[in-house]
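This report refers to the structure that appears directly beneath it.
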2 protein chains.
Amino acid sequence: MKLPEAKQHFISSWGAFGTHWGINRTMAQIHALLLISPDPLTQDDIMEDLNISRGNTNMNIRELINWGLVERVILPGERKEYFTAEKDIWKVVKQIVKERKKRELEPMMQLLDKLEDVEGDKKDKKVKTFVDTVSSIKRLGLQADKTLDVMIKAEENWFVSNLMKIFK
Amino acid sequence: MKLPEAKQHFISSWGAFGTHWGINRTMAQIHALLLISPDPLTQDDIMEDLNISRGNTNMNIRELINWGLVERVILPGERKEYFTAEKDIWKVVKQIVKERKKRELEPMMQLLDKLEDVEGDKKDKKVKTFVDTVSSIKRLGLQADKTLDVMIKAEENWFVSNLMKIFK
DNA sequence: ATATATTTTCAATAATTTTTGAAAGTTCGA
DNA sequence: TCGAACTTTCAAAAATTATTGAAAATATAT
């Protein structure tokens with residue numbers, strides 16, 4: 001397989017993959033394109049390469065910047081803005097984990113805290129099942145939270161080699 | 001907060017949460033409802049409780065069964081089918097991990113294998129960046145794959161206590 | 001076997017999400 | 001300060017995804 005074909009496959013699969021993870025297709029495709037581009041690209045490069053409109057491109061680049069996955073680059077003597085993606089995949093994964101933890105896990109934990117002390121007779125089977133379910137989700141969530149915190153701070157080698165000690 | 005209110009909050013947040021994870025809102029809501037229901041429910045119970053149509057209920061229950069999160073229960077002497085969800089949250093998490101690994105991670109790994117041996121001059125910066133990116137994603141993916149396999153087989157206590165040894 | 005209860009299917013519809021593109025806004029050099 | 005280059009916004013349109021509900025299929029009791 002030649003590069004242009006491989007590139008198309010990579011971008012389109014990364015896009016489809018993204019949709020399973022709450023990231024929209026175009027955003028993931030732009031990310032994929034930047035991941036495999038040795039040099040920074042302009043909005044126009046991206047528009048042209050992916051065949052998408054200017055507005056769409058702009059919106060999704062900004063969203064990628066919010067996620068901390070893409071950076072603006074100013075090239076000296078150039079008027080246009082350029083964009084580049086972090087190439088270290090471990091850093092990318094950590095950044096995504098960090099954002100999703102903040103956006104999803106933490107709010108869920110806060111809600112569970114409130115729901116855990118629902119008023120009512122603990123002898124009532126319905127109340128008991130509710131509280132038990134909420135508590136056990138909370139317990140697992142707290143463990144996940146702690147584990148992810150450590151992961152976010154870790155170096156890839158450290159993290160992986162430690163995992164392998166346990167899980168050989 | 002009283003039970004009925006807490007229940008509504010739980011169901012609707014679980015639904016919203018699900019959408020971030022590639023699961024549709026209704027499917028997640030039905031799952032939430034079954035999680036906190038001490039006894040199995042019928043399709044009609046679910047329809048009524050969540051205010052959704054019969055077809056929608058049926059489709060999403062079947063999808064939950066495909067995911068291995070819900071089971072059909074036949075109560076002796078009853079004509080209707082009942083449904084119940086696995087209550088052990090650790091098992092639920094493992095089941096979800098297992099399914100998503102199969103549906104998403106594994107196909108992605110297969111693609112990366114093919115893309116990694118793209119034809120072309122490795123001196124070419126574009127080819128090099130492409131291959132490097134694909135390889136490093138593959139490397140991390142393989143590690144994730146192995147780790148998840150171990151997790152899927154593990155007991156909660158074993159897994160968590162081992163994690164804690166590392167990450168204390 | 002038949003009537004009745006229950007489940008499943010699926011075309012039509014509704015709701016939601018994404019994309020477009022043109023207009024408005026901004027930046028910067030001369 | 002002006003004008004060209006470039007970026008951002010956002011209402012409308014398109015595309016996608018979810019939901020409905022009635023009809024068809026299936027299962028069960030008598």
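Letters for chains follow the order of the structure tokens (A, B, ...), residue numbers begin at 1 for each chain, and ligand numbers begin at 1 in the order shown.
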
TODO: Extract, using only C-alpha atoms (C1' of nucleotides), all DNA, RNA and protein residues at most 7 Å from range 40-51 of chain B, discarding same-chain residues fewer than 3 positions from it, and format them as JSON, numbers by chain.
DONE: {"B": [37, 54, 57, 80, 81, 82, 83, 84]}

Task: Neighbours of chain B in chain C at 8 Å, counting only C-alpha atoms (C1' of nucleotides), as number ranges by chain - done: C: 5-6, 8

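Proximity to chain A at a cut-off of 10 Å picks out DA5, DC6, DT7, DT8, DT9 and DC10 of chain D on chain D, counting only C-alpha atoms (C1' of nucleotides).
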
Open item on the list: Residues of chain B within 6 Å of chain A, counting only C-alpha atoms - could you list those as a PyMOL selection string?
Closed with: chain B and resi 1-2+6+20-22+36+38+115+118-119+129-130

TODO: From chain B, collect each residue whose DSSP state is alpha helix (DSSP H) and return the set as a PyMOL selection string.
DONE: chain B and resi 3-19+25-35+43-50+54-66+89-100+106-116+125-153+156-167

- [ ] Write out as a VMD selection string the residues lying within 12 Å of DA22 in chain D, counting only C-alpha atoms (C1' of nucleotides) and excluding same-chain residues fewer than 6 positions away.
- [x] (chain B and resid 53 to 55) or (chain C and resid 9 to 12)

Any idea what's packed within 8 Å of Asn60 in chain B, counting only C-alpha atoms (C1' of nucleotides), ignoring anything in its chain fewer than 2 positions away? Could you give it as a PDB file with C-alpha atoms, in the first residue's frame?
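part21.pdb, freshly written:
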ATOM      1  CA  THR B  26     -32.279   5.213  25.976  1.00  0.00           C
ATOM      2  CA  MET B  27     -30.170   2.114  26.246  1.00  0.00           C
ATOM      3  CA  ILE B  30     -33.009   1.301  30.637  1.00  0.00           C
ATOM      4  CA  ASN B  56     -37.846   1.575  21.296  1.00  0.00           C
ATOM      5  CA  THR B  57     -37.953  -0.363  24.535  1.00  0.00           C
ATOM      6  CA  ASN B  58     -37.749  -3.672  22.760  1.00  0.00           C
ATOM      7  CA  ARG B  62     -32.198  -6.547  22.967  1.00  0.00           C
ATOM      8  CA  GLU B  63     -29.121  -4.412  22.495  1.00  0.00           C
ATOM      9  CA  LEU B  64     -28.425  -4.572  26.227  1.00  0.00           C
TER      10      LEU B  64
END

- [ ] Give the strand (DSSP E) residues of range 25-155 of chain A, as assigned by DSSP on the backbone, as JSON, numbers by chain.
- [x] {"A": [41, 42, 70, 71, 72, 73, 74, 81, 82, 83, 84, 85]}

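Taking CA of Leu34 in chain A and CA of Gln8 in chain A as endpoints, the distance between them is 12.8 Å.
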
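Interatomic distance, CA of Ser12 in chain A to CA of Gln110 in chain B: 14.6 Å.
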
TODO: Rank C:DT4, C:DT27, C:DT19, C:DT13 by their smallest atom-to-atom distance to DG3 in chain D, using only C-alpha atoms (C1' of nucleotides), and report the top residue only.
DONE: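 When distances to DG3 in chain D are compared using only C-alpha atoms (C1' of nucleotides), the smallest one comes from C:DT27.
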
- [ ] Compare D:DT1, D:DT19, D:DA24, D:DA11 by their minimum atom-to-atom distance to DA23 in chain C, counting only C-alpha atoms (C1' of nucleotides), and give me the closest one.
- [x]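 Among the listed residues, D:DA11 lies closest to DA23 in chain C.
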
TODO: Using CA of Gln29 in chain B and CA of Arg25 in chain A as the two end points, give the distance in Å to one decimal.
DONE: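 CA of Arg25 in chain A lies 24.9 Å from CA of Gln29 in chain B.
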